[in-house]
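Notes follow the structure.
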Amino acid sequence: MEIVDFIAAIEEEFDDLNPGDVSPNSVFRDMEGWSSMHALIFVALIDSKYNVLLNGDELKSCVTIKDLFDITLLKINGGGANT
Amino acid sequence: MIDLKGKTILVTGASAGIGAAVAQLCSDLGAKVCITGRNMDRLSEVSKHLSIESELFQADLTLEKDIDDLVKALPCIDGWVHCAGIIEPFPIKFIQSKHIKSMFTINFDSACLLTSKLMQLKKINTSASFVFISSISAQHPYKGGSLYAASKAALESFSRSIALEFSSKGVRSNCISAALVETEMFEKTKNALSEIELLGILSSYPLGIGKPMDVAHASAFLLSNQSSWMTGTTITLDGGLLLNTKK
């Protein structure tokens with residue numbers, strides 16, 4: 001799993017994002033029109049694509065896209081509580 | 001004054017939140033309560049505070065065997081408040097069959113199976129009252145809540161069928177359609193909200209968000225003889241939220 005694929009999946013998911021709009025250091029809550037629905041989409045996307053379920057606390061602890069990627073990767077590799 | 005003396009009341013999902021409050025109030029009003037939940041330690045903690053000695057039943061209502069065992073072990077009951085349930089948000093385009101199953105198994109299937117088995121084993125006394133805890137989302141959905149809202153709408157519909165099918169035995173069935181209540185479930189979902197969103201939600205309640213005991217009081221009324229002419233209905237508890245709903 002590479003972060004470029006992770007970012008590509010996110011950019012494809014949101015209609016208002018174009019390829020290249022998101023970088024590892026992008027603060028996802030600063031995305032235009034950010035709402036809890038976007039948070040739900042992140043959680044559902046990661047669940048359906050990587051079979052990893054992030055809980056509310058884990059999501060809250062993430063600031064950047066790289067944070068999200070890292071915690072997803074950690075849980076894929078057996079870390080975290082709900083892999 | 002609501003009086004539940006002499007009644008035996010089953011409370012499912014009693015280990016926390018609304019269920020725990022319902023158990024507490026029913027006990028305070030004189031009922032013997034049978035409380036169920038998955039975690040015996042948490043049930044024991046709830047039972048410590050009850051006014052009248054209660055019966056505790058560890059049961060995972062997502063498992064049919066646990067429902068069978070629970071019904072066999074229960075005494076005959078005069079009322080049941082079904083508080084067991086989950087809330088898991090999912091955007092529609094990501095829904096998989098596992099999500100539908102997990103939501104409906106506890107929020108809806110458990111109510112159907114428990115009702116059926118209670119009737120089969122004749123564990124329901126004449127003129128018993130069933131109360132199902134529903135949600136305003138059954139009629140007023142929110143983004144990401146399609147499965148939860150659908151499961152509660154199904155529950156409300158099922159409650160009306162109970163009211164019809166068992167009216168000859170004097171059994172009544174009603175729902176409480178609650179808006180946001182301060183429970184552990186709410187604490188968990190808060191994490192997905194920004195501060196601005198949270199403030200927006202809280203400010204949309206003219207009377208503020210609910211407390212578990214608010215739902216318990218309405219439940220006690222529906223369990224009591226004072227509501228003996230009410231069946232197949234749904235009481236809305238929303239702190240005035242829907243007054244502001246745009247038409």
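Just so we're on the same page: first chain in the structure tokens is A, next is B, and so on; residues restart at 1 for each chain, and ligands are numbered from 1 in the order they show up.
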Residue set, chain A restricted to alpha helix (DSSP H), as a PDB file with N, CA and C atoms, in the first residue's frame:
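Final output, states.pdb:
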ATOM      1  N   ILE A   3       1.159   5.596  -0.364  1.00  0.00           N
ATOM      2  CA  ILE A   3       0.342   6.782  -0.049  1.00  0.00           C
ATOM      3  C   ILE A   3      -0.223   7.418  -1.320  1.00  0.00           C
ATOM      4  N   VAL A   4       0.477   7.251  -2.449  1.00  0.00           N
ATOM      5  CA  VAL A   4      -0.058   7.847  -3.696  1.00  0.00           C
ATOM      6  C   VAL A   4      -1.386   7.183  -4.081  1.00  0.00           C
ATOM      7  N   ASP A   5      -1.481   5.884  -3.861  1.00  0.00           N
ATOM      8  CA  ASP A   5      -2.746   5.184  -4.164  1.00  0.00           C
ATOM      9  C   ASP A   5      -3.846   5.624  -3.194  1.00  0.00           C
ATOM     10  N   PHE A   6      -3.447   5.801  -1.940  1.00  0.00           N
ATOM     11  CA  PHE A   6      -4.375   6.246  -0.897  1.00  0.00           C
ATOM     12  C   PHE A   6      -4.951   7.616  -1.266  1.00  0.00           C
ATOM     13  N   ILE A   7      -4.060   8.511  -1.689  1.00  0.00           N
ATOM     14  CA  ILE A   7      -4.485   9.868  -2.064  1.00  0.00           C
ATOM     15  C   ILE A   7      -5.352   9.816  -3.332  1.00  0.00           C
ATOM     16  N   ALA A   8      -4.961   8.974  -4.274  1.00  0.00           N
ATOM     17  CA  ALA A   8      -5.736   8.866  -5.518  1.00  0.00           C
ATOM     18  C   ALA A   8      -7.162   8.402  -5.221  1.00  0.00           C
ATOM     19  N   ALA A   9      -7.291   7.465  -4.276  1.00  0.00           N
ATOM     20  CA  ALA A   9      -8.626   6.967  -3.910  1.00  0.00           C
ATOM     21  C   ALA A   9      -9.466   8.081  -3.301  1.00  0.00           C
ATOM     22  N   ILE A  10      -8.818   8.908  -2.477  1.00  0.00           N
ATOM     23  CA  ILE A  10      -9.542  10.029  -1.856  1.00  0.00           C
ATOM     24  C   ILE A  10      -9.968  11.039  -2.922  1.00  0.00           C
ATOM     25  N   GLU A  11      -9.032  11.364  -3.816  1.00  0.00           N
ATOM     26  CA  GLU A  11      -9.354  12.362  -4.856  1.00  0.00           C
ATOM     27  C   GLU A  11     -10.471  11.863  -5.770  1.00  0.00           C
ATOM     28  N   GLU A  12     -10.516  10.562  -5.974  1.00  0.00           N
ATOM     29  CA  GLU A  12     -11.555  10.020  -6.842  1.00  0.00           C
ATOM     30  C   GLU A  12     -12.914  10.036  -6.147  1.00  0.00           C
ATOM     31  N   GLU A  13     -12.875   9.943  -4.831  1.00  0.00           N
ATOM     32  CA  GLU A  13     -14.114   9.811  -4.071  1.00  0.00           C
ATOM     33  C   GLU A  13     -14.890  11.111  -3.983  1.00  0.00           C
ATOM     34  N   SER A  36     -19.094  16.633   8.784  1.00  0.00           N
ATOM     35  CA  SER A  36     -19.028  15.283   9.340  1.00  0.00           C
ATOM     36  C   SER A  36     -19.314  14.231   8.265  1.00  0.00           C
ATOM     37  N   MET A  37     -20.035  14.627   7.216  1.00  0.00           N
ATOM     38  CA  MET A  37     -20.305  13.680   6.119  1.00  0.00           C
ATOM     39  C   MET A  37     -18.992  13.280   5.442  1.00  0.00           C
ATOM     40  N   HIS A  38     -18.087  14.253   5.310  1.00  0.00           N
ATOM     41  CA  HIS A  38     -16.778  13.925   4.731  1.00  0.00           C
ATOM     42  C   HIS A  38     -16.037  12.936   5.633  1.00  0.00           C
ATOM     43  N   ALA A  39     -16.139  13.155   6.939  1.00  0.00           N
ATOM     44  CA  ALA A  39     -15.487  12.234   7.882  1.00  0.00           C
ATOM     45  C   ALA A  39     -16.040  10.823   7.714  1.00  0.00           C
ATOM     46  N   LEU A  40     -17.361  10.734   7.563  1.00  0.00           N
ATOM     47  CA  LEU A  40     -17.999   9.424   7.366  1.00  0.00           C
ATOM     48  C   LEU A  40     -17.496   8.766   6.086  1.00  0.00           C
ATOM     49  N   ILE A  41     -17.351   9.589   5.053  1.00  0.00           N
ATOM     50  CA  ILE A  41     -16.889   9.045   3.766  1.00  0.00           C
ATOM     51  C   ILE A  41     -15.455   8.531   3.899  1.00  0.00           C
ATOM     52  N   PHE A  42     -14.611   9.273   4.612  1.00  0.00           N
ATOM     53  CA  PHE A  42     -13.237   8.788   4.849  1.00  0.00           C
ATOM     54  C   PHE A  42     -13.258   7.425   5.541  1.00  0.00           C
ATOM     55  N   VAL A  43     -14.041   7.336   6.614  1.00  0.00           N
ATOM     56  CA  VAL A  43     -14.090   6.086   7.386  1.00  0.00           C
ATOM     57  C   VAL A  43     -14.619   4.942   6.520  1.00  0.00           C
ATOM     58  N   ALA A  44     -15.690   5.236   5.763  1.00  0.00           N
ATOM     59  CA  ALA A  44     -16.296   4.190   4.932  1.00  0.00           C
ATOM     60  C   ALA A  44     -15.373   3.790   3.781  1.00  0.00           C
ATOM     61  N   LEU A  45     -14.695   4.772   3.211  1.00  0.00           N
ATOM     62  CA  LEU A  45     -13.765   4.490   2.107  1.00  0.00           C
ATOM     63  C   LEU A  45     -12.635   3.568   2.574  1.00  0.00           C
ATOM     64  N   ILE A  46     -12.081   3.912   3.726  1.00  0.00           N
ATOM     65  CA  ILE A  46     -10.964   3.112   4.267  1.00  0.00           C
ATOM     66  C   ILE A  46     -11.460   1.715   4.661  1.00  0.00           C
ATOM     67  N   ASP A  47     -12.679   1.654   5.175  1.00  0.00           N
ATOM     68  CA  ASP A  47     -13.253   0.351   5.542  1.00  0.00           C
ATOM     69  C   ASP A  47     -13.450  -0.521   4.303  1.00  0.00           C
ATOM     70  N   SER A  48     -14.054   0.075   3.264  1.00  0.00           N
ATOM     71  CA  SER A  48     -14.386  -0.752   2.096  1.00  0.00           C
ATOM     72  C   SER A  48     -13.145  -1.076   1.263  1.00  0.00           C
ATOM     73  N   LYS A  49     -12.167  -0.148   1.194  1.00  0.00           N
ATOM     74  CA  LYS A  49     -10.996  -0.383   0.338  1.00  0.00           C
ATOM     75  C   LYS A  49      -9.903  -1.182   1.042  1.00  0.00           C
ATOM     76  N   TYR A  50      -9.751  -0.950   2.343  1.00  0.00           N
ATOM     77  CA  TYR A  50      -8.629  -1.596   3.056  1.00  0.00           C
ATOM     78  C   TYR A  50      -9.101  -2.529   4.184  1.00  0.00           C
ATOM     79  N   GLY A  56     -13.947   6.704  16.197  1.00  0.00           N
ATOM     80  CA  GLY A  56     -14.007   8.162  16.326  1.00  0.00           C
ATOM     81  C   GLY A  56     -12.753   8.759  16.931  1.00  0.00           C
ATOM     82  N   ASP A  57     -12.196   8.084  17.941  1.00  0.00           N
ATOM     83  CA  ASP A  57     -10.986   8.596  18.594  1.00  0.00           C
ATOM     84  C   ASP A  57      -9.798   8.602  17.626  1.00  0.00           C
ATOM     85  N   GLU A  58      -9.712   7.535  16.840  1.00  0.00           N
ATOM     86  CA  GLU A  58      -8.596   7.451  15.878  1.00  0.00           C
ATOM     87  C   GLU A  58      -8.719   8.547  14.820  1.00  0.00           C
ATOM     88  N   LEU A  59      -9.940   8.754  14.364  1.00  0.00           N
ATOM     89  CA  LEU A  59     -10.147   9.801  13.362  1.00  0.00           C
ATOM     90  C   LEU A  59      -9.821  11.173  13.951  1.00  0.00           C
ATOM     91  N   LYS A  60     -10.224  11.362  15.174  1.00  0.00           N
ATOM     92  CA  LYS A  60      -9.994  12.646  15.836  1.00  0.00           C
ATOM     93  C   LYS A  60      -8.497  12.924  15.999  1.00  0.00           C
ATOM     94  N   SER A  61      -7.716  11.850  16.168  1.00  0.00           N
ATOM     95  CA  SER A  61      -6.275  12.025  16.381  1.00  0.00           C
ATOM     96  C   SER A  61      -5.529  12.383  15.098  1.00  0.00           C
ATOM     97  N   ILE A  65      -3.569  14.072   5.844  1.00  0.00           N
ATOM     98  CA  ILE A  65      -3.839  12.851   5.071  1.00  0.00           C
ATOM     99  C   ILE A  65      -2.802  11.779   5.431  1.00  0.00           C
ATOM    100  N   LYS A  66      -1.545  12.210   5.668  1.00  0.00           N
ATOM    101  CA  LYS A  66      -0.508  11.229   6.024  1.00  0.00           C
ATOM    102  C   LYS A  66      -0.836  10.555   7.367  1.00  0.00           C
ATOM    103  N   ASP A  67      -1.407  11.326   8.296  1.00  0.00           N
ATOM    104  CA  ASP A  67      -1.827  10.721   9.580  1.00  0.00           C
ATOM    105  C   ASP A  67      -2.841   9.607   9.333  1.00  0.00           C
ATOM    106  N   LEU A  68      -3.797   9.895   8.449  1.00  0.00           N
ATOM    107  CA  LEU A  68      -4.826   8.895   8.125  1.00  0.00           C
ATOM    108  C   LEU A  68      -4.197   7.661   7.484  1.00  0.00           C
ATOM    109  N   PHE A  69      -3.287   7.930   6.559  1.00  0.00           N
ATOM    110  CA  PHE A  69      -2.595   6.827   5.876  1.00  0.00           C
ATOM    111  C   PHE A  69      -1.813   5.980   6.880  1.00  0.00           C
ATOM    112  N   ASP A  70      -1.097   6.664   7.763  1.00  0.00           N
ATOM    113  CA  ASP A  70      -0.242   5.937   8.727  1.00  0.00           C
ATOM    114  C   ASP A  70      -1.071   5.055   9.656  1.00  0.00           C
ATOM    115  N   ILE A  71      -2.185   5.588  10.135  1.00  0.00           N
ATOM    116  CA  ILE A  71      -2.988   4.789  11.083  1.00  0.00           C
ATOM    117  C   ILE A  71      -3.669   3.624  10.354  1.00  0.00           C
ATOM    118  N   THR A  72      -4.028   3.863   9.099  1.00  0.00           N
ATOM    119  CA  THR A  72      -4.615   2.776   8.304  1.00  0.00           C
ATOM    120  C   THR A  72      -3.578   1.674   8.089  1.00  0.00           C
ATOM    121  N   LEU A  73      -2.380   2.102   7.719  1.00  0.00           N
ATOM    122  CA  LEU A  73      -1.295   1.139   7.480  1.00  0.00           C
ATOM    123  C   LEU A  73      -0.978   0.357   8.760  1.00  0.00           C
ATOM    124  N   LEU A  74      -0.946   1.086   9.879  1.00  0.00           N
ATOM    125  CA  LEU A  74      -0.658   0.442  11.169  1.00  0.00           C
ATOM    126  C   LEU A  74      -1.680  -0.658  11.463  1.00  0.00           C
ATOM    127  N   LYS A  75      -2.956  -0.343  11.164  1.00  0.00           N
ATOM    128  CA  LYS A  75      -4.007  -1.317  11.468  1.00  0.00           C
ATOM    129  C   LYS A  75      -4.014  -2.481  10.469  1.00  0.00           C
ATOM    130  N   ILE A  76      -3.624  -2.199   9.242  1.00  0.00           N
ATOM    131  CA  ILE A  76      -3.490  -3.297   8.268  1.00  0.00           C
ATOM    132  C   ILE A  76      -2.425  -4.271   8.759  1.00  0.00           C
TER     133      ILE A  76
END
Inset, instruction - Could you list the residues in chain B lying within 12 Å of chain A, using only C-alpha atoms, and format the result as an MDAnalysis selection string? - result: chainID B and resid 88:99 142:145 185:198 200:201
Legend entry - Residue neighbourhood stretch 53-70 of chain B, 7 Å, only C-alpha atoms, exclusion window fewer than 2 positions, as a list in words: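 Everything that qualifies: Lys32, Val33, Cys34, Ile35, Thr36, Gly37, Arg38, Asn39, Met40, Leu43, Ser47, Leu50, Ser51, Lys72, Ala73, Leu74, Thr105, Ile106, Ser110 and Leu114 of chain B.
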Legend entry - Selected residue, from B:Met230, B:Val171, B:Ala154, B:Ala220, that lies nearest to B:Gln24 when counting only C-alpha atoms: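 Answer, going by the shortest atom-to-atom distance: B:Ala220.
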Inset, instruction - Can you work out which one of B:Thr12, B:Asn174, B:Ser116, B:Ser137 has the shortest atom-to-atom distance to B:Thr233, counting only C-alpha atoms? - result: B:Asn174
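Picture a line from atom CA of B:Val46 to atom CA of B:Ala16; it runs 7.7 Å.
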So that I can check the secondary structure, give me every residue of stretch 138-236 of chain B assigned strand (DSSP E) by backbone DSSP, as a compact mmCIF listing (two decimals) with C-alpha atoms, in the first residue's frame.
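The result, stored in selection_1.txt:
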# COMPACT_ATOMS: atom_id res chain seq x y z
CA ARG B 172 -50.26 -2.83 24.00
CA SER B 173 -47.25 -1.75 21.98
CA ASN B 174 -45.92 1.77 21.52
CA CYS B 175 -42.71 3.50 20.49
CA ILE B 176 -40.77 6.44 21.79
CA SER B 177 -39.20 8.42 18.99
CA ALA B 178 -36.29 10.17 20.62
CA THR B 234 -45.31 6.76 18.80
CA ILE B 235 -44.46 9.49 21.29
CA THR B 236 -41.97 12.04 20.03
Inset, instruction - Calculate how many Å separate atom CA of B:Asp3 from atom CA of B:Leu29, rounding to one decimal. - result: 5.6 Å
Inset, instruction - Work out how far atom CA of B:Ser151 is from atom CA of B:Leu4, in Å to one decimal. - result: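 Those two atoms sit 29.8 Å apart.
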Inset, instruction - May I have the residues within 8 Å of B:Ala31 as a PyMOL selection string, using only C-alpha atoms and disregarding those fewer than 3 positions away in the same chain? - result: chain B and resi 4-9+26-28+52
Inset, instruction - Using only C-alpha atoms, pick whichever of B:Lys122, B:Lys101, B:Lys117, B:Lys48 has the shortest atom-to-atom distance to B:Cys76. - result: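 Distance minimum relative to B:Cys76 lands on B:Lys122.
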